[in-house]
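Listing of target22.txt, compact mmCIF, C-alpha atoms and all ligand atoms
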# COMPACT_ATOMS: atom_id res chain seq x y z
CA MET E 375 -46.28 163.67 28.18
CA VAL E 376 -44.56 161.04 26.08
CA LEU E 377 -46.91 158.97 23.95
CA GLY E 378 -45.88 156.04 21.82
CA GLU E 379 -46.89 152.61 20.73
CA PRO E 380 -45.71 149.58 22.74
CA GLY E 381 -41.97 149.07 22.24
CA ALA E 382 -41.36 152.60 20.97
CA GLY E 383 -38.86 153.21 23.76
CA LYS E 384 -40.91 155.23 26.26
CA SER E 385 -39.62 153.39 29.34
CA ALA E 386 -36.07 153.52 28.02
CA LEU E 387 -36.38 157.26 27.53
CA LEU E 388 -37.78 157.76 31.04
CA GLN E 389 -35.07 155.55 32.50
CA ASP E 390 -32.45 157.64 30.71
CA LEU E 391 -34.02 160.81 32.05
CA ALA E 392 -34.16 159.46 35.60
CA SER E 393 -30.56 158.21 35.45
CA ALA E 394 -29.30 161.52 34.10
CA GLN E 395 -31.11 163.44 36.82
CA GLN E 396 -29.93 161.02 39.46
CA ALA E 397 -26.36 161.32 38.25
CA ALA E 398 -26.57 165.10 38.56
CA ALA E 399 -28.28 164.90 41.95
CA ASP E 400 -25.12 165.62 43.93
CA VAL E 401 -24.59 168.87 42.08
CA ALA E 402 -28.13 170.11 41.57
CA GLY E 403 -29.73 168.44 44.59
CA THR E 404 -32.40 167.05 42.29
CA ARG E 405 -34.73 164.43 43.68
CA VAL E 406 -36.19 161.85 41.31
CA LEU E 407 -39.54 160.36 42.30
CA ARG E 408 -40.92 157.46 40.35
CA THR E 409 -44.14 155.60 39.95
CA HIS E 410 -45.87 153.63 37.23
CA GLY E 411 -49.25 152.29 36.39
CA ILE E 412 -49.76 148.57 36.97
CA GLU E 413 -52.70 146.97 35.24
CA SER E 414 -53.63 144.80 38.24
CA GLU E 415 -53.46 147.81 40.55
CA SER E 416 -55.66 150.03 38.47
CA PRO E 417 -58.74 149.26 40.60
CA LEU E 418 -56.83 150.40 43.74
CA PRO E 419 -57.39 154.12 44.30
CA PHE E 420 -54.24 156.14 45.03
CA ALA E 421 -51.84 153.18 44.78
CA ALA E 422 -49.60 154.89 42.22
CA LEU E 423 -49.79 158.28 43.92
CA HIS E 424 -48.78 156.72 47.22
CA ARG E 425 -45.76 155.11 45.56
CA LEU E 426 -44.68 158.46 44.12
CA LEU E 427 -45.16 160.68 47.18
CA ARG E 428 -44.12 158.34 49.95
CA PRO E 429 -40.40 159.26 49.93
CA VAL E 430 -41.07 163.00 50.29
CA LEU E 431 -44.36 163.29 52.10
CA ARG E 432 -44.28 165.68 55.08
CA LEU E 433 -47.95 165.83 55.94
CA GLU E 434 -47.35 168.07 58.94
CA ARG E 435 -46.27 170.84 56.54
CA LEU E 436 -49.49 170.78 54.50
CA PRO E 437 -52.64 172.74 55.37
CA ASP E 438 -54.87 170.57 57.57
CA PRO E 439 -57.63 169.80 55.02
CA GLN E 440 -55.03 168.74 52.45
CA ALA E 441 -53.11 166.63 54.93
CA ARG E 442 -56.34 165.00 56.02
CA ALA E 443 -57.34 164.29 52.40
CA LEU E 444 -54.05 162.50 51.78
CA ARG E 445 -54.25 160.62 55.09
CA VAL E 446 -57.71 159.35 54.19
CA ALA E 447 -56.61 158.58 50.62
CA PHE E 448 -53.65 156.56 51.88
CA GLY E 449 -55.63 154.78 54.59
CA GLN E 450 -53.91 156.48 57.50
CA GLU E 451 -57.11 157.99 58.77
CA GLU E 452 -60.73 156.96 58.61
CA GLY E 453 -63.01 158.93 56.37
CA SER E 454 -66.11 158.14 54.42
CA SER E 455 -64.95 159.74 51.17
CA VAL E 456 -62.02 161.55 49.67
CA GLU E 457 -62.50 164.85 47.90
CA PRO E 458 -60.60 164.48 44.60
CA PHE E 459 -59.94 168.22 44.31
CA LEU E 460 -58.32 168.30 47.75
CA VAL E 461 -56.12 165.34 46.89
CA GLY E 462 -55.03 167.11 43.70
CA VAL E 463 -54.18 170.28 45.60
CA ALA E 464 -52.45 168.27 48.32
CA THR E 465 -50.38 166.45 45.69
CA LEU E 466 -49.27 169.78 44.28
CA SER E 467 -48.46 171.07 47.77
CA ALA E 468 -46.50 167.94 48.68
CA LEU E 469 -44.40 168.24 45.52
CA THR E 470 -43.73 171.96 45.86
CA ASP E 471 -42.92 171.42 49.53
CA ALA E 472 -40.39 168.72 48.56
CA ALA E 473 -38.96 171.13 45.98
CA GLU E 474 -37.95 173.49 48.74
CA ASP E 475 -35.00 171.13 49.27
CA GLY E 476 -34.08 171.08 45.57
CA PRO E 477 -35.67 170.42 42.16
CA VAL E 478 -38.04 167.48 41.96
CA VAL E 479 -38.45 165.32 38.87
CA CYS E 480 -41.41 162.93 38.84
CA VAL E 481 -41.28 160.07 36.38
CA VAL E 482 -44.59 158.32 35.77
CA ASP E 483 -44.41 155.36 33.39
CA ASP E 484 -47.26 153.29 31.95
CA ALA E 485 -49.73 156.03 32.78
CA GLN E 486 -52.40 154.16 30.81
CA TRP E 487 -52.62 151.78 33.76
CA LEU E 488 -52.69 154.34 36.55
CA ASP E 489 -55.62 154.02 38.91
CA THR E 490 -58.00 156.83 38.05
CA ALA E 491 -57.66 158.57 41.43
CA SER E 492 -53.86 158.81 41.10
CA ALA E 493 -54.10 159.86 37.46
CA ASP E 494 -56.53 162.64 38.30
CA ALA E 495 -54.38 163.96 41.16
CA LEU E 496 -51.16 163.83 39.14
CA LEU E 497 -52.70 165.42 36.06
CA PHE E 498 -54.22 168.13 38.20
CA ALA E 499 -50.83 168.86 39.80
CA ALA E 500 -49.05 168.78 36.43
CA ARG E 501 -51.44 171.32 34.96
CA GLN E 502 -50.96 173.72 37.87
CA LEU E 503 -47.16 173.68 37.88
CA GLN E 504 -45.67 176.91 36.69
CA ALA E 505 -42.52 178.43 38.15
CA ASP E 506 -42.06 175.64 40.70
CA PRO E 507 -38.90 173.56 40.28
CA VAL E 508 -41.04 170.46 39.81
CA THR E 509 -41.26 168.47 36.59
CA ILE E 510 -43.67 165.63 35.96
CA VAL E 511 -43.01 163.43 32.97
CA PHE E 512 -45.62 160.87 31.99
CA ALA E 513 -45.32 158.10 29.44
CA ALA E 514 -48.30 156.19 28.12
CA ARG E 515 -49.30 153.98 25.25
CA ASP E 516 -50.73 155.95 22.44
CA THR E 517 -53.84 154.16 21.40
CA GLN E 518 -55.19 157.19 19.56
CA ALA E 519 -58.27 156.84 21.72
CA SER E 520 -61.27 158.51 20.28
CA ARG E 521 -61.40 161.43 22.64
CA GLY E 522 -62.09 164.01 20.00
CA ASN E 523 -58.57 165.44 20.05
CA GLY E 524 -56.92 162.18 19.06
CA ILE E 525 -54.64 162.39 22.09
CA GLY E 526 -54.19 159.86 24.79
CA VAL E 527 -55.41 156.54 25.97
CA ALA E 528 -58.75 155.28 27.12
CA SER E 529 -58.19 155.78 30.85
CA PHE E 530 -55.70 158.64 30.83
CA ASN E 531 -56.32 161.99 29.25
CA PRO E 532 -53.29 164.27 29.11
CA GLU E 533 -55.27 167.11 27.61
CA GLY E 534 -53.62 170.43 28.33
CA LEU E 535 -50.12 168.96 28.74
CA PRO E 536 -47.37 169.26 26.16
CA VAL E 537 -47.31 165.98 24.25
CA MET E 538 -44.34 164.37 22.55
CA ARG E 539 -45.14 161.42 20.29
CA LEU E 540 -42.31 158.96 20.05
CA GLY E 541 -42.02 157.70 16.48
CA GLY E 542 -39.83 154.87 15.17
CA LEU E 543 -36.06 155.03 14.85
CA ASP E 544 -34.93 156.49 11.55
CA ASP E 545 -33.47 154.14 8.95
CA ASP E 546 -29.81 154.52 9.97
CA ALA E 547 -30.49 154.04 13.65
CA ALA E 548 -32.80 151.08 12.95
CA ARG E 549 -30.09 149.43 10.83
CA ARG E 550 -27.51 149.97 13.56
CA LEU E 551 -29.79 148.35 16.09
CA LEU E 552 -30.36 145.39 13.76
CA PHE E 553 -26.62 145.08 13.26
CA GLU E 554 -26.03 145.08 17.01
CA ARG E 555 -28.79 142.54 17.56
CA ALA E 556 -27.76 140.19 14.77
CA GLY E 557 -24.04 140.57 15.47
CA GLU E 558 -23.36 140.87 11.76
CA ALA E 559 -24.34 143.08 8.85
CA LEU E 560 -27.53 141.86 7.17
CA PRO E 561 -27.99 142.01 3.40
CA ASP E 562 -29.78 145.17 2.28
CA GLU E 563 -32.92 143.37 1.15
CA VAL E 564 -33.28 141.74 4.58
CA SER E 565 -32.63 144.85 6.63
CA ASP E 566 -34.83 146.91 4.28
CA ARG E 567 -37.78 144.62 4.98
CA LEU E 568 -37.15 144.50 8.72
CA VAL E 569 -36.85 148.28 8.96
CA ARG E 570 -39.84 148.87 6.72
CA GLU E 571 -42.17 146.43 8.42
CA THR E 572 -41.24 147.47 11.96
CA GLY E 573 -41.40 151.17 11.12
CA GLY E 574 -38.29 151.53 13.31
CA ASN E 575 -40.00 150.28 16.47
CA PRO E 576 -37.02 149.30 18.68
CA LEU E 577 -38.76 146.39 20.38
CA ALA E 578 -39.86 144.95 17.05
CA LEU E 579 -36.34 145.39 15.65
CA LEU E 580 -34.90 143.55 18.64
CA GLU E 581 -37.49 140.76 18.54
CA LEU E 582 -37.83 140.04 14.85
CA PRO E 583 -34.37 138.63 14.08
CA ALA E 584 -34.85 136.00 16.83
CA GLY E 585 -37.84 134.66 14.92
CA LEU E 586 -35.87 134.17 11.70
CA THR E 587 -33.47 131.42 10.67
CA THR E 588 -29.80 132.09 9.99
CA GLY E 589 -30.51 131.53 6.29
CA GLN E 590 -33.31 134.06 6.30
CA LEU E 591 -31.13 136.60 8.11
CA ARG E 592 -28.28 136.06 5.66
CA GLY E 593 -30.59 136.27 2.66
CA THR E 594 -30.03 132.69 1.51
CA ALA E 595 -33.58 131.60 2.39
CA PRO E 596 -36.75 133.53 1.61
CA LEU E 597 -38.26 135.67 4.31
CA PRO E 598 -41.77 134.77 5.47
CA PRO E 599 -44.53 136.76 3.79
CA ARG E 600 -45.51 138.34 7.12
CA LEU E 601 -42.54 139.27 9.27
CA LEU E 602 -44.41 140.66 12.25
CA ALA E 603 -46.32 137.42 12.75
CA SER E 604 -43.03 135.52 12.67
CA GLY E 605 -41.37 137.88 15.16
CA ARG E 606 -44.27 137.51 17.54
CA ARG E 607 -43.52 133.81 17.81
CA CYS E 608 -40.20 134.30 19.53
CA ALA E 609 -40.60 133.23 23.11
CA ALA E 610 -38.15 135.33 25.09
CA PRO E 611 -38.61 139.07 25.32
CA PRO E 612 -35.47 141.00 24.43
CA THR E 613 -33.14 141.43 27.34
CA ARG E 614 -32.91 144.92 28.74
CA ARG E 615 -29.84 146.64 27.45
CA SER E 616 -28.87 150.14 26.72
CA PRO E 617 -27.28 150.58 23.34
CA TRP E 618 -29.68 153.40 22.76
CA PRO E 619 -27.78 156.57 23.62
CA ALA E 620 -26.08 156.06 20.29
CA VAL E 621 -29.30 155.98 18.34
CA SER E 622 -31.86 157.68 20.49
CA ALA E 623 -31.51 161.03 18.78
CA SER E 624 -32.65 159.64 15.48
CA ARG E 625 -36.37 159.31 15.19
CA ARG E 626 -38.89 159.39 12.46
CA SER E 627 -42.46 160.60 12.69
CA PRO E 628 -44.99 158.30 14.29
CA ARG E 629 -46.03 155.48 12.01
CA PRO E 630 -48.78 152.91 11.86
CA ARG E 631 -48.87 150.88 15.08
CA TRP E 632 -46.80 147.84 15.94
CA PRO E 633 -49.53 145.60 17.23
CA GLY E 634 -48.68 145.11 20.92
N1 LIG B 701 -33.48 154.25 20.97
C1 LIG B 701 -33.34 152.97 21.19
N2 LIG B 701 -32.33 152.29 20.65
C2 LIG B 701 -32.17 150.97 20.89
N3 LIG B 701 -32.99 150.22 21.65
C3 LIG B 701 -34.01 150.85 22.22
C4 LIG B 701 -34.26 152.24 22.02
N4 LIG B 701 -35.37 152.57 22.71
C5 LIG B 701 -35.79 151.46 23.30
N5 LIG B 701 -34.99 150.42 23.02
C6 LIG B 701 -35.17 149.03 23.45
O1 LIG B 701 -36.42 148.61 22.91
C7 LIG B 701 -37.15 147.83 23.84
C8 LIG B 701 -38.50 148.46 24.09
O2 LIG B 701 -38.30 149.71 24.74
P1 LIG B 701 -39.25 150.19 25.91
O3 LIG B 701 -38.66 151.44 26.45
O4 LIG B 701 -39.52 149.09 26.86
O5 LIG B 701 -40.58 150.51 25.09
P2 LIG B 701 -41.98 151.04 25.61
O6 LIG B 701 -41.80 151.44 27.04
O7 LIG B 701 -42.31 152.19 24.72
O8 LIG B 701 -42.93 149.90 25.43
C9 LIG B 701 -36.27 147.74 25.08
O9 LIG B 701 -35.55 146.53 25.03
C10 LIG B 701 -35.34 148.92 24.96
O10 LIG B 701 -34.10 148.70 25.61
MG MG B 702 -42.76 150.77 28.77
Here is the file; what I need is its structure written in the form of structure tokens.
Ligand SMILES: Nc1ncnc2c1ncn2[C@@H]1O[C@H](COP(=O)(O)OP(=O)(O)O)[C@@H](O)[C@H]1O
Ligand SMILES: [Mg+2]
Amino acid sequence: MVLGEPGAGKSALLQDLASAQQAAADVAGTRVLRTHGIESESPLPFAALHRLLRPVLRLERLPDPQARALRVAFGQEEGSSVEPFLVGVATLSALTDAAEDGPVVCVVDDAQWLDTASADALLFAARQLQADPVTIVFAARDTQASRGNGIGVASFNPEGLPVMRLGGLDDDAARRLLFERAGEALPDEVSDRLVRETGGNPLALLELPAGLTTGQLRGTAPLPPRLLASGRRCAAPPTRRSPWPAVSASRRSPRPRWPG
């Protein structure tokens, strides 16, 4: 379970993981399955689970009650209600069945927006996995929801799963990213402020320079008193790029949130 504030690099990390597994697929026979939470889909039960399982689902190989539970869940068969436990077990069975052809890696991004039914089934399956060659990696926004244990987000509780909190880039990596973004070295006092106020959040580091004037970036004009507010004004989101293998190893501990 990867938790981090918006812009911390969770999706980039998952994309890197998926690409690396995909690249090795010919050798290891690994299958990468992907799904993600979508805010507008969160009222639709099983939408995200359907997206994940569809490429590997062989319902005829599951025990009848489990196959029936998934058929009803996915609207392939009529049924008045779906038993959540059965869907969880069926999800586990479907994944371990797929793993008979080779390791399976499930990548689940934006888990905070998963529909509850999918989240429950996937979390159930993740908690049961032991020796099976199946890995499920979730990423979600860390809102430090008040769930007693300080873990997780309001609608998604990864309790019982190993959690990795993605902190900001360390100072060197943050400076390198700024340098790449600005296309020139920034004076120390400018980069110090940008690094300090973003806490190394990659998205903030990519966005902030676009909200500053050339004079401000070069240190010939004063920086605004509140940098984050100024960065938030920039209209275009940063383009997707992947300079990050060079810096991704360098992280600091989680820091106060970048307001996203
Ligand atoms: N380690 C990194 N080094 C450089 N850029 C990065 C790094 N991690 C993420 N980024 C960039 O920062 C932006 C936000 O990353 P993203 O993965 O979308 O964050 P999140 O999913 O946590 O909201 C993206 O443009 C991404 O390419
Ligand atoms: Mg993301």
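Of the residues under consideration (E:Ala472, E:Val456, E:Val461, E:Val401), E:Val461 shows the shortest atom-to-atom contact distance to E:Ala495 when counting all atoms listed in the file.
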Two-atom distance - atom CA of E:Arg570, atom CA of E:Leu602 (Å): 10.9 Å
Expected selection as a PyMOL selection string for ligand MG 702 (chain B) within 8 Å, only C-alpha atoms and all ligand atoms: chain E and resi 380-381+383-386+483-484+513-514
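With atom CA of E:Val406 on one side and atom CA of E:Pro477 on the other, the separation reads 8.6 Å.
Between atom CA of E:Arg425 and atom C4 of ligand LIG 701 (chain B) lies a distance of 26.4 Å.
Nearest-residue note for E:Thr470: choosing from E:Leu444, E:Ala382, E:Ala485, E:Val508, the minimum distance belongs to E:Val508, counting all atoms listed in the file.
Distances here use only C-alpha atoms; by that measure, the residue among E:Glu413, E:Glu533, E:Glu581, E:Glu558 closest to E:Gln486 is E:Glu413.
Among the candidate residues E:Ser455, E:Thr409, E:Ser565, E:Thr517, the one lying nearest to E:Asp546 is E:Ser565, with distances computed using all atoms listed in the file.
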For E:Arg567, work out the shell of residues within 12 Å, counting all atoms listed in the file and skipping chain neighbours fewer than 3 positions away, then give it as an mmCIF file with C-alpha atoms, in the coordinates of the input.
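Final file, selection08.cif:
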data_model
loop_
_atom_site.group_PDB
_atom_site.id
_atom_site.type_symbol
_atom_site.label_atom_id
_atom_site.label_comp_id
_atom_site.auth_asym_id
_atom_site.auth_seq_id
_atom_site.Cartn_x
_atom_site.Cartn_y
_atom_site.Cartn_z
ATOM 1 C CA ASP E 545 -33.470 154.140 8.950
ATOM 2 C CA ALA E 548 -32.800 151.080 12.950
ATOM 3 C CA ARG E 549 -30.090 149.430 10.830
ATOM 4 C CA LEU E 552 -30.360 145.390 13.760
ATOM 5 C CA LEU E 560 -27.530 141.860 7.170
ATOM 6 C CA PRO E 561 -27.990 142.010 3.400
ATOM 7 C CA ASP E 562 -29.780 145.170 2.280
ATOM 8 C CA GLU E 563 -32.920 143.370 1.150
ATOM 9 C CA VAL E 564 -33.280 141.740 4.580
ATOM 10 C CA ARG E 570 -39.840 148.870 6.720
ATOM 11 C CA GLU E 571 -42.170 146.430 8.420
ATOM 12 C CA THR E 572 -41.240 147.470 11.960
ATOM 13 C CA GLY E 573 -41.400 151.170 11.120
ATOM 14 C CA GLY E 574 -38.290 151.530 13.310
ATOM 15 C CA LEU E 579 -36.340 145.390 15.650
ATOM 16 C CA LEU E 582 -37.830 140.040 14.850
ATOM 17 C CA PRO E 583 -34.370 138.630 14.080
ATOM 18 C CA GLN E 590 -33.310 134.060 6.300
ATOM 19 C CA LEU E 591 -31.130 136.600 8.110
ATOM 20 C CA GLY E 593 -30.590 136.270 2.660
ATOM 21 C CA PRO E 596 -36.750 133.530 1.610
ATOM 22 C CA LEU E 597 -38.260 135.670 4.310
ATOM 23 C CA PRO E 598 -41.770 134.770 5.470
ATOM 24 C CA PRO E 599 -44.530 136.760 3.790
ATOM 25 C CA ARG E 600 -45.510 138.340 7.120
ATOM 26 C CA LEU E 601 -42.540 139.270 9.270
ATOM 27 C CA LEU E 602 -44.410 140.660 12.250
#
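Shortest separation to ligand LIG 701 (chain B) among E:Val537, E:Ala394, E:Leu568, E:Val482 occurs at residue E:Val482, atoms counted being all atoms listed in the file.
With distances restricted to all atoms listed in the file, E:Thr404 is the closest residue to E:Ala473 from E:Asn531, E:Thr404, E:Gln502, E:Thr490.
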